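Undergrad: Following this message is one structure expressed as structure tokens.
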Amino acid sequence: MPVDLTKRADQVDITSDAYKALLAGLQANILKSHGRNASRQVFLRFTGSAGDVRKWIREKVAPRVLTAAVQMEHAEKRRADKDFDGGIVILLSLSAAGYSYLGFDPKKFKSDAFRKGMKDQDDSVIDGVLGTKNRDPEPAAWEPGFQKTIHAMVTLADDQASATRLLNELSLLRTEVAGVAEIVAVDEGRTLRRPRPSTPDPDDFEPIEHFGYFDGISQPLFTQQDLKDYYDKKVGTGPGIGWDPAASLDMLLVADPFATAADAYGSYLVYRKLYQDYGLFHGRVATCAGAIGASADLAGAMVVGRFPDGTPVMDSDKPIKDYTNDFVFETGDEKGYRCPRHAHIRKVNPRGTTPLTSLENEKRRRIARRGIPYGKPMPGLCEASTPTDPNPSADRGLLFMCYQANIEKQFEFIQRTWVDNPNFPTQLIGGKDTGDDPLIGQDKNENQRWPKKWGDEASGKTEFNFEAAVTLKGGEYFFSPSKPFLLAL
């Protein structure tokens with residue numbers, strides 16, 4: 001009997017026999033992050049015959065692709081022994097053009113966005129009316145590798161302590177693809193961490209991104225086990241009290257259209273390389289602070305929605321070293337006088353403030369983020385062993401990756417209808433009372449509306465155009481197929 005993907009996380013015991021086949025065929029990193037500290041994303045354009053490429057994937061890549069089942073086994077061993085080495089992670093995703101090259105009809109995929117690819121930026125008439133236009137830079141402005149046709153992405157990941165092993169794997173891949181594919185780009189990712197100030201444990205670190213903000217706090221969770229871990233860590237108070245992170249597997253997984261094995265699933269993968277200009281961002285925070293009469297700390301928190309230590313600006317006008325996720329804008333700050341309606345964490349997850357829909361329907365837009373920073377951080381941001389670069393404009397940023405069951409209804413809806421729409425959430429047609437997301441929004445000509453005084457509705461709002469210091473450098477839409485499909489090519 002097929003797995004019921006509609007069950008909420010609190011009903012999904014992923015260790016039960018019902019999920020064995022699913023986990024054995026599902027690639028790692030989809031259901032839960034692979035947890036490695038270093039990665040290489042290798043982008044391929046196939047050049048050999050379809051038969052030769054299929055043979056290379058079937059014989060050289062597929063047997064080594066890490067599954068969710070093995071990932072879970074490794075996690076258990078790591079919990080028992082912190083020195084356990086799970087080895088290299090290898091994953092493979094294909095674009096619609098890649099499926100066509102291999103002889104598979106992309107029309108079998110229900111996602112129109114996937115079939116067209118990220119380079120297709122056409123908007124419909126209704127997009128122009130609603131303000132939900134694609135505002136990304138034109139592909140001609142992307143990095144050269146991403147301007148080319150991309151057929152596949154191979155992910156290689158390992159712990160930083162094994163950097164040589166990762167480089168050896170990349171070298172082996174270069175050798176293996178000779179004659180069947182051209183490597184058009186390689187992106188290098190590295191997790192950034194800093195010592196957690198709220199704990200005496202010197203080995204306890206928290207993840208951050210290049211602007212210096214605590215990252216990865218809020219994610220949809222798909223299993224009983226992950227929900228328990230979430231509440232054990234006090235990120236949330238408890239089920240039914242504040243924000244409920246539970247999700248269902250049908251938000252993440254879809255049946256692999258070309259696999260014949262039972263319970264063979266995959267997921268759509270969005271990849272975007274986002275450059276972060278550190279100097280520009282913090283310069284604009286300082287300018288914004290002066291323009292709206294707030295401290296730089298508070299202005300930055302009104303951009304992100306949290307202070308650098310993770311404290312939600314919804315809860316406090318100053319950092320209090322509390323990275324809770326236990327709040328809902330719908331009942332706590334609907335008009336945005338504490339956490340502005342334009343703040344990044346609110347734009348990408350409105351928590352009950354999307355017009356004409358329910359909180360539960362709104363939550364089905366969520367995505368499973370699996371990104372990793374690239375480039376060297378500024379000095380003083382991370383643990384002492386991390387290589388740094390003092391140039392505030394150096395090439396650094398985020399290799400944004402997210403999994404979902406529907407690109408249009410999840411990633412593209414978030415990016416276009418929420419993030420880049422200056423009217424959302426207050427007035428979907430006409431009028432502008434919000435502005436775009438000042439962190440990742442791509443509309444350079446839109447003011448945000450900032451509270452004149454934190455938490456004081458009577459003070460009103462003022463306008464300031466922050467202009468995001470994050471720029472898209474390229475990307476593509478992929479599908480991460482089941483391992484049974486890859487082995488049967």
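If you're wondering about the labels, chains in the structure tokens are A, B, ... by order shown, residues count from 1 in each chain, ligands from 1 in order shown.
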Within 12 Å of segment 349-363 of chain A, which residues of segment 233-307 of chain A show up? Give each one with its shortest atom-to-atom distance in Å (one decimal) and the two atoms involved, counting only C-alpha atoms, rows by chain then rising residue number, as CSV.
TA:
```
residue,atom,partner,partner_atom,distance
A:Gly242,CA,A:Arg351,CA,10.7
A:Trp243,CA,A:Arg351,CA,8.1
A:Asp244,CA,A:Lys363,CA,9.7
A:Pro245,CA,A:Lys363,CA,8.9
A:Ala246,CA,A:Lys363,CA,9.4
A:Ala247,CA,A:Lys363,CA,8.1
A:Ser248,CA,A:Lys363,CA,10.4
A:Met251,CA,A:Lys363,CA,9.6
A:Gly305,CA,A:Asn349,CA,10.9
```
Undergrad: What does the file look like for those residues with N, CA and C atoms, as a PDB file, in the first residue's frame?
TA:
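Saved result, out_20.pdb, follows:
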```pdb
ATOM      1  N   GLY A 242       2.261  28.078  20.287  1.00  0.00           N
ATOM      2  CA  GLY A 242       2.692  29.179  19.439  1.00  0.00           C
ATOM      3  C   GLY A 242       2.714  28.747  17.990  1.00  0.00           C
ATOM      4  N   TRP A 243       3.834  28.970  17.330  1.00  0.00           N
ATOM      5  CA  TRP A 243       3.987  28.563  15.934  1.00  0.00           C
ATOM      6  C   TRP A 243       4.166  27.052  15.850  1.00  0.00           C
ATOM      7  N   ASP A 244       3.409  26.421  14.971  1.00  0.00           N
ATOM      8  CA  ASP A 244       3.484  24.973  14.777  1.00  0.00           C
ATOM      9  C   ASP A 244       4.261  24.692  13.496  1.00  0.00           C
ATOM     10  N   PRO A 245       5.476  24.117  13.587  1.00  0.00           N
ATOM     11  CA  PRO A 245       6.293  23.894  12.394  1.00  0.00           C
ATOM     12  C   PRO A 245       5.923  22.631  11.626  1.00  0.00           C
ATOM     13  N   ALA A 246       4.960  21.849  12.123  1.00  0.00           N
ATOM     14  CA  ALA A 246       4.623  20.571  11.492  1.00  0.00           C
ATOM     15  C   ALA A 246       4.141  20.763  10.055  1.00  0.00           C
ATOM     16  N   ALA A 247       4.570  19.854   9.191  1.00  0.00           N
ATOM     17  CA  ALA A 247       4.166  19.866   7.784  1.00  0.00           C
ATOM     18  C   ALA A 247       3.855  18.431   7.369  1.00  0.00           C
ATOM     19  N   SER A 248       3.364  18.268   6.162  1.00  0.00           N
ATOM     20  CA  SER A 248       3.083  16.935   5.628  1.00  0.00           C
ATOM     21  C   SER A 248       4.025  16.645   4.471  1.00  0.00           C
ATOM     22  N   MET A 251       4.000  18.166   0.847  1.00  0.00           N
ATOM     23  CA  MET A 251       4.565  19.489   0.570  1.00  0.00           C
ATOM     24  C   MET A 251       5.992  19.375   0.026  1.00  0.00           C
ATOM     25  N   GLY A 305      14.061  40.696  10.487  1.00  0.00           N
ATOM     26  CA  GLY A 305      12.997  40.154  11.328  1.00  0.00           C
ATOM     27  C   GLY A 305      13.543  39.567  12.613  1.00  0.00           C
TER      28      GLY A 305
END
```
Undergrad: Taking the chain letters and numbering used in this document, name the residues of segment 80-175 of chain A that DSSP puts in strand (DSSP E or B), as a list in words.
TA: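 The strand (DSSP E or B) subset of segment 80-175 of chain A is Val89, Ile90, Leu91, Leu92, Ser93, Leu94, Ala152, Met153, Val154, Thr155, Leu156, Ala157 and Asp158 of chain A.
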Undergrad: Using only C-alpha atoms, find the one residue out of A:Arg174, A:Arg54, A:His34, A:Arg40 that sits nearest to Leu66 of chain A.
TA: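 Selected residue with least distance to Leu66 of chain A: A:His34.
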Undergrad: Taking the backbone alone, and naming residues the way the document does, which bits of segment 400-488 of chain A are helix (DSSP H, G or I) by DSSP, as a count of residues only?
TA: 20
Undergrad: Residues near Ile217 of chain A, anyone? I mean within 8 Å using only C-alpha atoms, not counting same-chain ones fewer than 5 positions away, as a PyMOL selection string.
TA: chain A and resi 310+323+325
Undergrad: Quick one: everything within 12 Å of segment 385-391 of chain A, counting only C-alpha atoms, minus sequence neighbours fewer than 5 positions away in the same chain. Send it as a PyMOL selection string.
TA: chain A and resi 37-38+160-161+190-195+210+277-280+374-380+396
Undergrad: Can you work out which one of A:Gly103, A:Gly266, A:Gly293, A:Pro257 has the shortest atom-to-atom distance to Thr67 of chain A, counting only C-alpha atoms?
TA: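 Distance minimum relative to Thr67 of chain A lands on A:Gly266.
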Undergrad: Give me, as a ChimeraX atom specification, all polymer residues having an atom no more than 7 Å from segment 410-415 of chain A, counting only C-alpha atoms and skipping those fewer than 2 positions away in the same chain.
TA: /A:348,365-367,404,406-408,417-420
Undergrad: Using only C-alpha atoms, find each residue in segment 213-317 of chain A having at least one atom no more than 12 Å away from segment 139-159 of chain A; report its shortest atom-to-atom pair and that distance in Å (one decimal), rows by chain then rising number, as CSV.
TA:
```
residue,atom,partner,partner_atom,distance
A:Leu269,CA,A:Met153,CA,10.2
A:Val270,CA,A:Met153,CA,11.1
A:Tyr271,CA,A:Met153,CA,9.6
A:Arg272,CA,A:Phe146,CA,10.0
A:Lys273,CA,A:Glu143,CA,9.4
A:Leu274,CA,A:Trp142,CA,10.5
A:Tyr275,CA,A:Glu143,CA,10.9
```
Undergrad: Would you save the residues from that selection as a PDB file, in the first residue's frame, using C-alpha atoms?
TA:
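Wrote it out as part30.pdb, contents follow:
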```
ATOM      1  CA  LEU A 269      15.045  21.511  -6.226  1.00  0.00           C
ATOM      2  CA  VAL A 270      15.507  25.259  -6.723  1.00  0.00           C
ATOM      3  CA  TYR A 271      19.111  26.479  -6.873  1.00  0.00           C
ATOM      4  CA  ARG A 272      20.015  30.176  -6.732  1.00  0.00           C
ATOM      5  CA  LYS A 273      23.468  31.664  -6.245  1.00  0.00           C
ATOM      6  CA  LEU A 274      22.980  34.841  -4.202  1.00  0.00           C
ATOM      7  CA  TYR A 275      25.832  37.348  -3.811  1.00  0.00           C
TER       8      TYR A 275
END
```
Undergrad: Show me, as JSON, numbers by chain, the residues that have an atom within 9 Å of Asn421 of chain A when counting only C-alpha atoms, minus same-chain residues fewer than 2 positions from it.
TA: {"A": [130, 131, 132, 133, 415, 416, 417, 418, 419, 423, 424, 425, 428, 434, 435, 436, 437, 441, 443]}
Undergrad: Using only C-alpha atoms, which of the listed residues (A:Gln41, A:Ala50, A:Arg135, A:Trp450) sits closest to Tyr99 of chain A?
TA: A:Ala50
